[in-house]
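Colleague: Here's a structure for you.
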Amino acid sequence: MTTTALVSGGKDSIYAAYLGDTQGWPVDELVTLKPVDPDSMMFHTPNLDLVALQAAAWGKRHRTVPVAGATEEAEQAALESAIAGAHGPVVAGAIESSYQWARLLRAGDRVGRRIYTPLWRKDPGRVVREEIAAGLDIRLVHLAAEPLAPELLGRRLDRTLLEELERLSRTVRRVHVAGEGGEFETLVVDAPFFSSRLEFDRTETVRTPSTARLVVRAAHLVAHGAQGTAPVRPRPR
């Protein structure tokens with residue numbers, strides 16, 4: 001039995017797929033849903049093209065499923081299409097979002113695919129600690145909470161930063177320690193189970209009155225232990 005993992009490039013989806021690999025749900029395919037709505041409540045949106053590089057570094061197949069519209073109906077239809085294209089069960093990285101959870105289960109039921117969510121209802125701080133301990137190099141690429149300064153863009157989510165987020169989560173209700181409320185989004189640039197790490201060639205910081213986003217315009221893979229490789233522009237597949 002092999003499984004498909006819904007992967008956005010962020011910490012939770014990558015870690016959930018890794019757990020699938022190590023818990024008897026071997027993942028052979030990463031699937032990315034690509035919405036047209038940059039503020040989608042259902043799907044992660046920053047730097048989705050980089051999942052193709054993550055898949056290459058991990059030795060997994062990759063498939064992108066476009067989301068044709070910005071409505072809940074369009075997003076649900078795309079989710080069902082992505083899950084229907086899997087050859088077995090589907091792994092997803094939901095932690096606490098009942099909105100995502102309900103739609104994942106509905107999609108699985110409608111197309112006859114089992115959904116495995118190894119992080120569901122785990123303590124969020126524990127999940128992030130596990131991700132850091134597993135060796136994931138996690139970078140903040142989108143900020144949408146007032147206490148999180150734009151200077152944090154690109155910073156690695158390590159134990160020191162996690163402790164700061166935990167402090168904020170106790171004092172500022174708008175900050176969830178795992179970013180489950182959209183306070184921040186992440187990108188995994190390296191992991192022990194990758195053969196290569198992602199390196200950025202060109203980035204752009206995009207700010208609005210309430211958000212800051214690190215947009216990676218070009219990136220390439222560098223094999224572990226190597227000095228570098230020719231730059232490769234990420235492109236959807």
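By convention in this document, the chains of the structure tokens carry letters A, B, ... by their order, each chain's residues are numbered from 1, and ligands are numbered from 1 in the order they are shown.
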Could you go through stretch 3-218 of chain A and tell me which residues DSSP, when run on the backbone, assigns to helix (DSSP H, G or I), listing them as an mmCIF file with N, CA and C atoms, in the first residue's frame?
Modeller:
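Output (result.cif):
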```
data_model
loop_
_atom_site.group_PDB
_atom_site.id
_atom_site.type_symbol
_atom_site.label_atom_id
_atom_site.label_comp_id
_atom_site.auth_asym_id
_atom_site.auth_seq_id
_atom_site.Cartn_x
_atom_site.Cartn_y
_atom_site.Cartn_z
ATOM 1 N N LYS A 11 5.468 23.379 7.368
ATOM 2 C CA LYS A 11 5.964 22.445 8.374
ATOM 3 C C LYS A 11 5.016 21.284 8.666
ATOM 4 N N ASP A 12 3.718 21.562 8.813
ATOM 5 C CA ASP A 12 2.808 20.514 9.257
ATOM 6 C C ASP A 12 2.540 19.473 8.178
ATOM 7 N N SER A 13 2.374 19.906 6.938
ATOM 8 C CA SER A 13 2.106 18.934 5.879
ATOM 9 C C SER A 13 3.338 18.085 5.586
ATOM 10 N N ILE A 14 4.528 18.698 5.603
ATOM 11 C CA ILE A 14 5.753 17.924 5.391
ATOM 12 C C ILE A 14 5.966 16.935 6.533
ATOM 13 N N TYR A 15 5.755 17.389 7.755
ATOM 14 C CA TYR A 15 5.972 16.502 8.908
ATOM 15 C C TYR A 15 4.952 15.369 8.924
ATOM 16 N N ALA A 16 3.688 15.671 8.596
ATOM 17 C CA ALA A 16 2.675 14.618 8.545
ATOM 18 C C ALA A 16 3.033 13.571 7.497
ATOM 19 N N ALA A 17 3.522 14.019 6.338
ATOM 20 C CA ALA A 17 3.929 13.067 5.301
ATOM 21 C C ALA A 17 5.099 12.215 5.774
ATOM 22 N N TYR A 18 6.033 12.830 6.486
ATOM 23 C CA TYR A 18 7.163 12.083 7.052
ATOM 24 C C TYR A 18 6.665 11.026 8.049
ATOM 25 N N LEU A 19 5.719 11.419 8.911
ATOM 26 C CA LEU A 19 5.175 10.448 9.862
ATOM 27 C C LEU A 19 4.475 9.313 9.134
ATOM 28 N N GLY A 20 3.769 9.630 8.045
ATOM 29 C CA GLY A 20 3.167 8.565 7.262
ATOM 30 C C GLY A 20 4.205 7.562 6.794
ATOM 31 N N ASP A 21 5.323 8.074 6.305
ATOM 32 C CA ASP A 21 6.408 7.204 5.841
ATOM 33 C C ASP A 21 6.933 6.295 6.951
ATOM 34 N N THR A 22 6.944 6.794 8.185
ATOM 35 C CA THR A 22 7.560 6.053 9.292
ATOM 36 C C THR A 22 6.553 5.287 10.136
ATOM 37 N N LEU A 48 3.953 27.973 -3.307
ATOM 38 C CA LEU A 48 3.534 26.603 -3.589
ATOM 39 C C LEU A 48 4.379 25.929 -4.665
ATOM 40 N N ASP A 49 4.950 26.713 -5.585
ATOM 41 C CA ASP A 49 5.764 26.111 -6.649
ATOM 42 C C ASP A 49 7.001 25.399 -6.102
ATOM 43 N N LEU A 50 7.407 25.746 -4.887
ATOM 44 C CA LEU A 50 8.612 25.138 -4.321
ATOM 45 C C LEU A 50 8.396 23.698 -3.867
ATOM 46 N N VAL A 51 7.140 23.252 -3.784
ATOM 47 C CA VAL A 51 6.902 21.859 -3.411
ATOM 48 C C VAL A 51 7.521 20.914 -4.436
ATOM 49 N N ALA A 52 7.583 21.329 -5.697
ATOM 50 C CA ALA A 52 8.219 20.489 -6.721
ATOM 51 C C ALA A 52 9.680 20.225 -6.377
ATOM 52 N N LEU A 53 10.357 21.239 -5.838
ATOM 53 C CA LEU A 53 11.752 21.042 -5.424
ATOM 54 C C LEU A 53 11.832 20.175 -4.172
ATOM 55 N N GLN A 54 10.914 20.370 -3.242
ATOM 56 C CA GLN A 54 10.896 19.515 -2.052
ATOM 57 C C GLN A 54 10.690 18.053 -2.449
ATOM 58 N N ALA A 55 9.775 17.821 -3.380
ATOM 59 C CA ALA A 55 9.520 16.452 -3.837
ATOM 60 C C ALA A 55 10.760 15.840 -4.476
ATOM 61 N N ALA A 56 11.461 16.636 -5.282
ATOM 62 C CA ALA A 56 12.693 16.144 -5.903
ATOM 63 C C ALA A 56 13.737 15.820 -4.842
ATOM 64 N N ALA A 57 13.852 16.672 -3.829
ATOM 65 C CA ALA A 57 14.821 16.440 -2.760
ATOM 66 C C ALA A 57 14.462 15.206 -1.945
ATOM 67 N N TRP A 58 13.198 14.864 -1.926
ATOM 68 C CA TRP A 58 12.704 13.749 -1.114
ATOM 69 C C TRP A 58 12.548 12.467 -1.925
ATOM 70 N N GLU A 72 -16.046 28.517 -1.578
ATOM 71 C CA GLU A 72 -15.906 27.273 -0.819
ATOM 72 C C GLU A 72 -16.230 26.071 -1.700
ATOM 73 N N GLU A 73 -17.198 26.237 -2.581
ATOM 74 C CA GLU A 73 -17.580 25.136 -3.469
ATOM 75 C C GLU A 73 -16.442 24.765 -4.415
ATOM 76 N N ALA A 74 -15.754 25.778 -4.962
ATOM 77 C CA ALA A 74 -14.629 25.512 -5.868
ATOM 78 C C ALA A 74 -13.480 24.842 -5.115
ATOM 79 N N GLU A 75 -13.220 25.294 -3.904
ATOM 80 C CA GLU A 75 -12.141 24.695 -3.119
ATOM 81 C C GLU A 75 -12.465 23.254 -2.745
ATOM 82 N N GLN A 76 -13.716 22.997 -2.378
ATOM 83 C CA GLN A 76 -14.115 21.639 -2.033
ATOM 84 C C GLN A 76 -14.023 20.718 -3.248
ATOM 85 N N ALA A 77 -14.437 21.215 -4.412
ATOM 86 C CA ALA A 77 -14.365 20.405 -5.630
ATOM 87 C C ALA A 77 -12.923 20.060 -5.973
ATOM 88 N N ALA A 78 -12.021 21.022 -5.825
ATOM 89 C CA ALA A 78 -10.608 20.769 -6.111
ATOM 90 C C ALA A 78 -10.030 19.766 -5.124
ATOM 91 N N LEU A 79 -10.407 19.888 -3.856
ATOM 92 C CA LEU A 79 -9.927 18.948 -2.844
ATOM 93 C C LEU A 79 -10.384 17.537 -3.175
ATOM 94 N N GLU A 80 -11.636 17.396 -3.556
ATOM 95 C CA GLU A 80 -12.143 16.072 -3.915
ATOM 96 C C GLU A 80 -11.431 15.522 -5.147
ATOM 97 N N SER A 81 -11.131 16.389 -6.122
ATOM 98 C CA SER A 81 -10.408 15.959 -7.314
ATOM 99 C C SER A 81 -9.006 15.480 -6.953
ATOM 100 N N ALA A 82 -8.335 16.224 -6.060
ATOM 101 C CA ALA A 82 -6.980 15.849 -5.649
ATOM 102 C C ALA A 82 -6.972 14.500 -4.947
ATOM 103 N N ILE A 83 -7.954 14.294 -4.065
ATOM 104 C CA ILE A 83 -8.016 13.047 -3.302
ATOM 105 C C ILE A 83 -8.443 11.888 -4.199
ATOM 106 N N ALA A 84 -9.351 12.155 -5.137
ATOM 107 C CA ALA A 84 -9.805 11.098 -6.044
ATOM 108 C C ALA A 84 -8.664 10.579 -6.910
ATOM 109 N N SER A 98 -11.084 22.810 12.687
ATOM 110 C CA SER A 98 -12.279 22.021 12.403
ATOM 111 C C SER A 98 -12.795 22.295 10.995
ATOM 112 N N TYR A 99 -12.569 23.509 10.505
ATOM 113 C CA TYR A 99 -12.975 23.884 9.148
ATOM 114 C C TYR A 99 -12.278 22.972 8.125
ATOM 115 N N GLN A 100 -10.946 22.821 8.253
ATOM 116 C CA GLN A 100 -10.205 21.956 7.339
ATOM 117 C C GLN A 100 -10.563 20.488 7.553
ATOM 118 N N TRP A 101 -10.659 20.106 8.806
ATOM 119 C CA TRP A 101 -10.925 18.708 9.159
ATOM 120 C C TRP A 101 -12.236 18.223 8.541
ATOM 121 N N ALA A 102 -13.305 19.017 8.700
ATOM 122 C CA ALA A 102 -14.607 18.610 8.190
ATOM 123 C C ALA A 102 -14.587 18.462 6.677
ATOM 124 N N ARG A 103 -13.894 19.360 5.997
ATOM 125 C CA ARG A 103 -13.853 19.307 4.545
ATOM 126 C C ARG A 103 -12.975 18.171 4.034
ATOM 127 N N LEU A 104 -11.923 17.863 4.739
ATOM 128 C CA LEU A 104 -11.101 16.709 4.382
ATOM 129 C C LEU A 104 -11.906 15.413 4.492
ATOM 130 N N LEU A 105 -12.603 15.240 5.616
ATOM 131 C CA LEU A 105 -13.392 14.025 5.808
ATOM 132 C C LEU A 105 -14.518 13.923 4.783
ATOM 133 N N ARG A 106 -15.165 15.063 4.488
ATOM 134 C CA ARG A 106 -16.241 15.055 3.500
ATOM 135 C C ARG A 106 -15.707 14.645 2.134
ATOM 136 N N ALA A 107 -14.547 15.202 1.762
ATOM 137 C CA ALA A 107 -13.963 14.854 0.466
ATOM 138 C C ALA A 107 -13.584 13.381 0.418
ATOM 139 N N GLY A 108 -12.978 12.886 1.491
ATOM 140 C CA GLY A 108 -12.611 11.476 1.528
ATOM 141 C C GLY A 108 -13.809 10.561 1.407
ATOM 142 N N ASP A 109 -14.892 10.907 2.124
ATOM 143 C CA ASP A 109 -16.106 10.093 2.060
ATOM 144 C C ASP A 109 -16.695 10.092 0.655
ATOM 145 N N ARG A 110 -16.694 11.243 0.019
ATOM 146 C CA ARG A 110 -17.338 11.345 -1.291
ATOM 147 C C ARG A 110 -16.605 10.571 -2.372
ATOM 148 N N VAL A 111 -15.282 10.477 -2.275
ATOM 149 C CA VAL A 111 -14.524 9.794 -3.337
ATOM 150 C C VAL A 111 -13.975 8.440 -2.883
ATOM 151 N N PRO A 124 -0.461 21.704 20.076
ATOM 152 C CA PRO A 124 0.284 22.411 19.023
ATOM 153 C C PRO A 124 1.746 22.662 19.381
ATOM 154 N N GLY A 125 2.018 23.048 20.626
ATOM 155 C CA GLY A 125 3.403 23.263 21.018
ATOM 156 C C GLY A 125 4.220 21.991 20.920
ATOM 157 N N ARG A 126 3.605 20.877 21.275
ATOM 158 C CA ARG A 126 4.296 19.586 21.169
ATOM 159 C C ARG A 126 4.602 19.259 19.717
ATOM 160 N N VAL A 127 3.626 19.535 18.826
ATOM 161 C CA VAL A 127 3.840 19.254 17.407
ATOM 162 C C VAL A 127 5.032 20.047 16.878
ATOM 163 N N VAL A 128 5.085 21.343 17.169
ATOM 164 C CA VAL A 128 6.185 22.164 16.659
ATOM 165 C C VAL A 128 7.507 21.704 17.254
ATOM 166 N N ARG A 129 7.515 21.331 18.527
ATOM 167 C CA ARG A 129 8.749 20.805 19.127
ATOM 168 C C ARG A 129 9.206 19.528 18.425
ATOM 169 N N GLU A 130 8.253 18.667 18.100
ATOM 170 C CA GLU A 130 8.599 17.437 17.386
ATOM 171 C C GLU A 130 9.173 17.748 16.010
ATOM 172 N N GLU A 131 8.588 18.724 15.340
ATOM 173 C CA GLU A 131 9.070 19.093 14.005
ATOM 174 C C GLU A 131 10.500 19.621 14.073
ATOM 175 N N ILE A 132 10.782 20.439 15.064
ATOM 176 C CA ILE A 132 12.137 20.973 15.241
ATOM 177 C C ILE A 132 13.099 19.849 15.605
ATOM 178 N N ALA A 133 12.668 18.965 16.526
ATOM 179 C CA ALA A 133 13.526 17.854 16.949
ATOM 180 C C ALA A 133 13.797 16.875 15.811
ATOM 181 N N PRO A 150 7.728 42.164 10.683
ATOM 182 C CA PRO A 150 8.188 41.733 9.356
ATOM 183 C C PRO A 150 9.626 41.237 9.342
ATOM 184 N N GLU A 151 10.428 41.670 10.305
ATOM 185 C CA GLU A 151 11.826 41.230 10.373
ATOM 186 C C GLU A 151 11.950 39.728 10.608
ATOM 187 N N LEU A 152 10.857 39.092 11.011
ATOM 188 C CA LEU A 152 10.886 37.648 11.231
ATOM 189 C C LEU A 152 10.829 36.857 9.927
ATOM 190 N N ARG A 159 13.896 26.454 18.625
ATOM 191 C CA ARG A 159 13.338 26.411 19.978
ATOM 192 C C ARG A 159 13.232 27.805 20.583
ATOM 193 N N THR A 160 14.193 28.663 20.274
ATOM 194 C CA THR A 160 14.149 30.021 20.817
ATOM 195 C C THR A 160 12.933 30.776 20.304
ATOM 196 N N LEU A 161 12.694 30.697 18.999
ATOM 197 C CA LEU A 161 11.536 31.384 18.433
ATOM 198 C C LEU A 161 10.242 30.730 18.910
ATOM 199 N N LEU A 162 10.231 29.418 19.036
ATOM 200 C CA LEU A 162 9.039 28.736 19.527
ATOM 201 C C LEU A 162 8.679 29.215 20.931
ATOM 202 N N GLU A 163 9.676 29.367 21.783
ATOM 203 C CA GLU A 163 9.406 29.859 23.139
ATOM 204 C C GLU A 163 8.807 31.260 23.107
ATOM 205 N N GLU A 164 9.262 32.095 22.172
ATOM 206 C CA GLU A 164 8.695 33.432 22.032
ATOM 207 C C GLU A 164 7.243 33.346 21.556
ATOM 208 N N LEU A 165 6.962 32.449 20.614
ATOM 209 C CA LEU A 165 5.590 32.274 20.144
ATOM 210 C C LEU A 165 4.696 31.751 21.262
ATOM 211 N N GLU A 166 5.215 30.870 22.083
ATOM 212 C CA GLU A 166 4.436 30.353 23.208
ATOM 213 C C GLU A 166 4.121 31.463 24.209
ATOM 214 N N ARG A 167 5.094 32.333 24.426
ATOM 215 C CA ARG A 167 4.847 33.463 25.321
ATOM 216 C C ARG A 167 3.756 34.361 24.753
ATOM 217 N N LEU A 168 3.830 34.637 23.453
ATOM 218 C CA LEU A 168 2.815 35.458 22.817
ATOM 219 C C LEU A 168 1.446 34.784 22.848
ATOM 220 N N SER A 169 1.424 33.458 22.686
ATOM 221 C CA SER A 169 0.141 32.751 22.680
ATOM 222 C C SER A 169 -0.539 32.815 24.039
ATOM 223 N N ARG A 170 0.234 33.002 25.108
ATOM 224 C CA ARG A 170 -0.349 33.114 26.439
ATOM 225 C C ARG A 170 -0.827 34.526 26.736
ATOM 226 N N THR A 171 -0.271 35.503 26.027
ATOM 227 C CA THR A 171 -0.594 36.898 26.335
ATOM 228 C C THR A 171 -1.377 37.605 25.233
#
```
Colleague: Just the residues within 7 Å of A:Glu183, please, counting only C-alpha atoms, with nothing from its chain fewer than 2 positions along; format it as a PDB file with C-alpha atoms, in the first residue's frame.
Modeller:
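Written output follows (part22.pdb):
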```pdb
ATOM      1  CA  LEU A 143       3.068  36.880   8.796  1.00  0.00           C
ATOM      2  CA  ALA A 144      -0.442  38.070   9.548  1.00  0.00           C
ATOM      3  CA  ALA A 145      -0.487  38.885  13.267  1.00  0.00           C
ATOM      4  CA  VAL A 175      -1.162  34.305  18.042  1.00  0.00           C
ATOM      5  CA  HIS A 176      -1.471  30.530  17.787  1.00  0.00           C
ATOM      6  CA  GLY A 179       0.037  29.332  13.221  1.00  0.00           C
ATOM      7  CA  GLY A 181      -5.243  30.669  12.784  1.00  0.00           C
TER       8      GLY A 181
END
```
Colleague: Would you mind listing what lies within 6 Å of stretch 62-69 of chain A as number ranges by chain, with only C-alpha atoms counted and same-chain residues fewer than 6 positions away left out?
Modeller: A: 29-35, 75, 78, 237
Colleague: Would you mind exporting the chosen residues as a compact mmCIF listing (two decimals), in the first residue's frame, restricted to C-alpha atoms?
Modeller:
```
# COMPACT_ATOMS: atom_id res chain seq x y z
CA GLU A 29 3.26 11.11 -4.07
CA LEU A 30 3.00 14.71 -2.88
CA VAL A 31 -0.06 16.64 -4.08
CA THR A 32 -0.33 20.42 -3.91
CA LEU A 33 -3.58 22.32 -4.22
CA LYS A 34 -2.99 25.70 -5.83
CA PRO A 35 -5.77 28.23 -5.13
CA GLU A 75 -12.14 24.69 -3.12
CA ALA A 78 -10.61 20.77 -6.11
CA ARG A 237 3.89 20.23 -12.52
```
Colleague: Apply DSSP to the structure's backbone, then extract all residues of stretch 23-232 of chain A labelled strand (DSSP E) and return them as a PyMOL selection string.
Modeller: chain A and resi 27-35+61-67+90-91+115-116+137-143+184-190+196-207+212-223
Colleague: Go through A:Met42, A:Ala70, A:Val216, A:Ala94 and flag the residue nearest A:Ala178, using only C-alpha atoms for the distances.
Modeller: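 Result for the nearest residue to A:Ala178: A:Ala94.
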Colleague: May I ask for the distance between atom CA of A:Tyr116 and atom CA of A:Asp39, given in Å to one decimal place?
Modeller: 25.6 Å
Colleague: For A:Gly9, which residue among A:Glu185, A:Glu199, A:Glu204, A:Asp28 is the nearest when counting only C-alpha atoms?
Modeller: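 Checking each candidate against A:Gly9, we get A:Glu185 as the closest.
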Colleague: From the set A:Pro46, A:Gly225, A:Gly182, A:Pro89, which residue has the shortest atom-to-atom contact distance to A:Met1, counting only C-alpha atoms?
Modeller: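 Using only C-alpha atoms, A:Met1 sits closest to A:Pro89.
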Colleague: Write out as a list of chain:residue names each polymer residue whose atoms come within 10 Å of A:Arg202, counting only C-alpha atoms; drop sequence neighbours fewer than 6 positions from it.
Modeller: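 So, after excluding close chain neighbours, the residues are A:Val215, A:Val216, A:Arg217, A:Ala218, A:Ala219, A:Arg233.
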Colleague: Just N, CA and C atoms for this one: save the residues we selected as a short mmCIF file (atom, residue, chain, number, x, y, z; two decimals), in the first residue's frame.
Modeller:
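What landed in part_10.cif:
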```cif
data_model
loop_
_atom_site.label_atom_id
_atom_site.label_comp_id
_atom_site.auth_asym_id
_atom_site.auth_seq_id
_atom_site.Cartn_x
_atom_site.Cartn_y
_atom_site.Cartn_z
N VAL A 215 8.23 36.16 -0.81
CA VAL A 215 7.93 35.45 -2.05
C VAL A 215 9.24 35.01 -2.68
N VAL A 216 9.39 33.71 -2.87
CA VAL A 216 10.60 33.17 -3.49
C VAL A 216 10.37 33.11 -5.00
N ARG A 217 11.09 33.95 -5.74
CA ARG A 217 10.92 34.03 -7.19
C ARG A 217 11.74 32.98 -7.92
N ALA A 218 12.87 32.58 -7.36
CA ALA A 218 13.70 31.54 -7.97
C ALA A 218 14.48 30.84 -6.87
N ALA A 219 14.65 29.54 -7.03
CA ALA A 219 15.36 28.74 -6.03
C ALA A 219 15.98 27.54 -6.72
N ARG A 233 14.57 27.24 -11.58
CA ARG A 233 13.37 28.01 -11.23
C ARG A 233 12.25 27.01 -10.89
#
```
Colleague: What is the distance, in Å and to one decimal place, between atom CA of A:Asn47 and atom CA of A:Ala191?
Modeller: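 Atom-to-atom, atom CA of A:Asn47 to atom CA of A:Ala191, that is 17.6 Å.
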Colleague: Take atom CA of A:Arg156 and atom CA of A:Phe200 and report the distance between them in Å, one decimal.
Modeller: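 According to the coordinates, atom CA of A:Arg156 and atom CA of A:Phe200 are separated by 14.1 Å.
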Colleague: Find the residues around A:Gly10 up to 7 Å (only C-alpha atoms counted), leave out those fewer than 6 positions away in its own chain, and share them as a list in words.
Modeller: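 Once the adjacent positions are removed, what remains is Glu185, Thr186, Leu187 and Val188 of chain A.
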Colleague: Using only C-alpha atoms for the distances, tell me which of A:Leu214, A:Thr45, A:Gly59, A:Ile115 is nearest to A:Ser196.
Modeller: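 Ranked by minimum distance to A:Ser196, first place goes to A:Gly59.
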